[in-house]
Amino acid sequence: MAAASSSDSDCGRAESAQLFPSSPSNEASSKWLDAHYDPVANIHTFSSCLALADLHGDGEYKDRIDPLTLKEMLEGIREKAEVPLSVQSLRFLQLELSEMEAFVSQHKSKSIKRQTVITTMTTLKKNLADEDAVSCLVLGTENKELLVLDPEAFVILAKMSLPSVPVFLDVSGQFDVEFRLAAACRNGNIYILRRDAKRPKYCIELSAQPVGLVRVHKVLVVGSTQDSLHGFTHKGKKLWTVQMPAAILTMNLLEQHSRGLQAVMAGLANGEVRIYRDKTLLNVIRTPDAVTSLCFGRYGREDNTLIMTTRGGGLIIKILKRTAVFVEGGGEAGPPPAQALKLNVPRKTRLYVDQTLREREAGTAMHRTFQTDLYLLRLRTARAYVQALESSLNPVSVTAREPLKLHAVVQGLGPAFKLTLHLQNTSAARPILGLLVCFLYNEVLYALPRAFVKVPLLVPGLSYPLETFVESLSDKGISDIIKVLVLREGQSAPLLSAHINMPVSEGLAAA
């Protein structure tokens with residue numbers, strides 16, 4: 001489709017807005033004017049299939065969303081254009097990429113197969129000397145290749161190989177001088193290539209699949225399926241990460257030439273379009289439906305126009321006010337305003353001043369006392385640890401021959417309790433056999449069916465539960481400790497032990 005252009009910029013913003021039907025939705029931000037809104041436009045496309053171009057050379061920039069093949073578009077432009085093809089004229093060629101086999105079938109080179117499917121495409125300027133020179137086309141194919149083509153002569157200028165199929169492309173530089181390609185692929189990686197490289201020079205490994213790739217100055221901004229934006233250098237160094245409140249559906253570049261601003265636009269599943277410069281949120285646009293494609297540029301004779309299509313097929317056109325200035329924090333993000341308020345700090349008392357002077361004068365002595373206490377604490381801790389190892393008073397065995405681990409669980413309210421011991425062999429491959437579990441307790445307070453339990457063969461890595469019942473005999477509401485010892489048959493020294501603090505019998509206390 002080709003929409004009508006806006007009025008002359010010299011006639012003022014009011015006359016410009018009259019050419020567009022008024023939008024029924026509320027204005028998302030004071031920086032934007034609602035120029036057009038059609039919820040039943042039945043347009044379903046993506047950001048790579050939407051662009052603005054001066055097709056007829058009359059200064060009227062129009063949007064193109066036609067599902068044409070590349071060959072048909074090139075022929076149509078050559079027939080209707082009154083001026084040589086410019087860089088802007090080729091931007092809209094990023095349309096309906098799956099239907100571009102017609103271009104490949106007409107190619108004279110035998111190096112491209114007839115059935116090659118093009119997965120993504122962008123343009124690359126040849127040089128800066130001639131602004132009206134035809135740009136090169138950079139195509140990504142299902143054959144894991146990048147092709148740099150001359151759209152007029154249908155000649156392959158460069159061919160590069162990738163480890164995976166590219167889905168997003170970004171190009172910077174000029175073909176005749178030096179250029180750099182960034183390709184986001186289906187394997188979740190981003191590959192960086194230079195002019196003379198046949199294979200990638202750098203690789204950026206992402207933790208999730210990419211959903212968009214935009215270059216802002218010298219930073220590659222990548223959107224991922226983890227609802228986040230990531231900033232990388234061209235050498236793969238990660239600079240920053242920003243978490244989004246919803247899933248990212250589309251991304252594109254916002255470039256305001258009059259103010260030298262470049263930012264990234266991200267359309268989210270919650271109906272928001274967020275504009276970021278690096279990791280700083282500049283603006284938030286709220287739409288009636290989730291946005292699936294974005295395009296910012298010259299539309300008609302308006303230099304700063306934002307065109308959006310929604311998930312339901314709607315078309316939204318907004319115009320950036322000429323007085324609008326994007327400032328940091330304009331997107332309602334960051335710390336709350338209360339954080340900037342000055343705290344009501346109480347005045348310094350005489351006691352505080354005296355204590356400060358004392359610490360300043362006796363700082364060395366206080367530090368030495370602190371270090372002495374710290375060394376004594378470490379010494380006592382080490383002695384207690386050695387004593388626990390020597391007497392096997394820890395639930396984990398430290399011997400390499402019988403590496404065991406023990407923990408206990410007590411269940412019940414009383415007077416009858418269920419005691420479950422979980423014994424585990426932590427060795428890598430050697431089973432353990434011939435172990436006994438012994439219970440030491442106060443016979444006046446507790447009664448157990450058996451004081452010894454024979455342990456079966458312990459397979460490495462498995463936890464074996466050993467269950468027994470404990471009956472509380474005291475009616476005074478007191479409790480004691482039950483010691484659990486793990487021994488080897490024929491040895492008196494335990495391999496490990498555990499002290500179980502039994503709970504108070506609530507049944508006897510209530511009676």
# chains A, B, ... in the order shown; residues from 1 in each chain; ligands from 1
>>> residues_around(residues="stretch 251-265 of chain A", least_positions_apart="2", cutoff="6 Å", atoms="only C-alpha atoms", output="PyMOL selection string")
chain A and resi 212+274-277+296
>>> closest_residue(among="A:Leu193, A:Leu315, A:Leu213, A:Ala498", to="A:Thr45", atoms="only C-alpha atoms")
A:Leu315
>>> select_by_dssp(residues="stretch 241-402 of chain A", states="strand (DSSP E or B)", output="PyMOL selection string")
chain A and resi 241-243+248-256+261-268+272-277+280-286+291-300+302-310+315-320+396
>>> residues_around(residues="stretch 408-425 of chain A", least_positions_apart="3", cutoff="7 Å", atoms="only C-alpha atoms", output="number ranges by chain")
A: 403-405, 458-472, 505-508
>>> write_last_selection(atoms="N, CA, C and O atoms", output="CSV table (one decimal), in the first residue's frame")
chain,number,residue,atom,x,y,z
A,403,PRO,N,33.7,-43.1,53.4
A,403,PRO,CA,33.1,-41.8,53.3
A,403,PRO,C,31.6,-41.9,53.5
A,403,PRO,O,30.9,-42.4,52.6
A,404,LEU,N,31.1,-41.4,54.6
A,404,LEU,CA,29.7,-41.5,54.9
A,404,LEU,C,29.1,-40.2,55.3
A,404,LEU,O,29.8,-39.2,55.7
A,405,LYS,N,27.8,-40.1,55.1
A,405,LYS,CA,27.1,-38.9,55.5
A,405,LYS,C,25.8,-39.3,56.2
A,405,LYS,O,25.1,-40.2,55.7
A,458,LEU,N,25.7,-50.6,51.4
A,458,LEU,CA,25.5,-49.2,51.0
A,458,LEU,C,26.1,-49.0,49.6
A,458,LEU,O,27.3,-49.1,49.4
A,459,VAL,N,25.2,-48.8,48.6
A,459,VAL,CA,25.7,-48.5,47.2
A,459,VAL,C,26.0,-47.1,47.1
A,459,VAL,O,25.4,-46.2,47.7
A,460,PRO,N,27.1,-46.7,46.4
A,460,PRO,CA,27.5,-45.3,46.3
A,460,PRO,C,26.4,-44.4,45.7
A,460,PRO,O,25.8,-44.8,44.8
A,461,GLY,N,26.2,-43.3,46.4
A,461,GLY,CA,25.3,-42.3,45.9
A,461,GLY,C,23.9,-42.4,46.3
A,461,GLY,O,23.1,-41.4,46.2
A,462,LEU,N,23.5,-43.5,46.9
A,462,LEU,CA,22.1,-43.7,47.4
A,462,LEU,C,22.0,-43.4,48.9
A,462,LEU,O,22.9,-43.7,49.6
A,463,SER,N,20.8,-42.8,49.2
A,463,SER,CA,20.5,-42.5,50.6
A,463,SER,C,19.6,-43.6,51.2
A,463,SER,O,18.5,-43.9,50.6
A,464,TYR,N,20.0,-44.3,52.3
A,464,TYR,CA,19.3,-45.4,52.8
A,464,TYR,C,18.6,-44.9,54.1
A,464,TYR,O,19.3,-44.5,55.1
A,465,PRO,N,17.3,-45.0,54.2
A,465,PRO,CA,16.6,-44.6,55.4
A,465,PRO,C,16.5,-45.8,56.4
A,465,PRO,O,16.2,-46.9,56.1
A,466,LEU,N,16.9,-45.5,57.7
A,466,LEU,CA,16.8,-46.5,58.7
A,466,LEU,C,15.8,-45.9,59.8
A,466,LEU,O,16.1,-44.9,60.4
A,467,GLU,N,14.7,-46.6,60.0
A,467,GLU,CA,13.6,-46.2,60.8
A,467,GLU,C,13.6,-46.9,62.2
A,467,GLU,O,13.8,-48.1,62.2
A,468,THR,N,13.2,-46.2,63.2
A,468,THR,CA,13.0,-46.8,64.5
A,468,THR,C,12.0,-45.9,65.3
A,468,THR,O,11.8,-44.7,64.9
A,469,PHE,N,11.5,-46.4,66.4
A,469,PHE,CA,10.5,-45.7,67.2
A,469,PHE,C,11.1,-45.4,68.5
A,469,PHE,O,11.8,-46.2,69.1
A,470,VAL,N,10.8,-44.2,69.0
A,470,VAL,CA,11.3,-43.7,70.3
A,470,VAL,C,10.1,-43.4,71.2
A,470,VAL,O,9.2,-42.6,70.7
A,471,GLU,N,10.0,-43.9,72.4
A,471,GLU,CA,8.9,-43.7,73.3
A,471,GLU,C,9.4,-42.8,74.5
A,471,GLU,O,10.4,-43.2,75.1
A,472,SER,N,8.7,-41.7,74.7
A,472,SER,CA,9.1,-40.9,75.8
A,472,SER,C,8.4,-41.4,77.1
A,472,SER,O,7.2,-41.6,77.1
A,505,SER,N,7.6,-34.0,74.7
A,505,SER,CA,6.4,-34.8,74.4
A,505,SER,C,5.2,-34.0,74.7
A,505,SER,O,4.9,-33.7,75.8
A,506,GLU,N,4.5,-33.5,73.6
A,506,GLU,CA,3.3,-32.7,73.8
A,506,GLU,C,2.1,-33.5,74.3
A,506,GLU,O,1.2,-33.0,75.0
A,507,GLY,N,2.1,-34.8,74.0
A,507,GLY,CA,1.0,-35.7,74.5
A,507,GLY,C,1.0,-35.8,76.0
A,507,GLY,O,0.0,-35.7,76.6
A,508,LEU,N,2.2,-36.0,76.6
A,508,LEU,CA,2.3,-36.2,78.0
A,508,LEU,C,2.0,-34.8,78.7
A,508,LEU,O,1.4,-34.7,79.8
>>> atom_distance(atom1="atom CA of A:Thr250", atom2="atom CA of A:Gly223")
8.5 Å
>>> closest_residue(among="A:Gly490, A:Pro456, A:Pro166, A:Pro245", to="A:Gly267", atoms="only C-alpha atoms")
A:Pro245
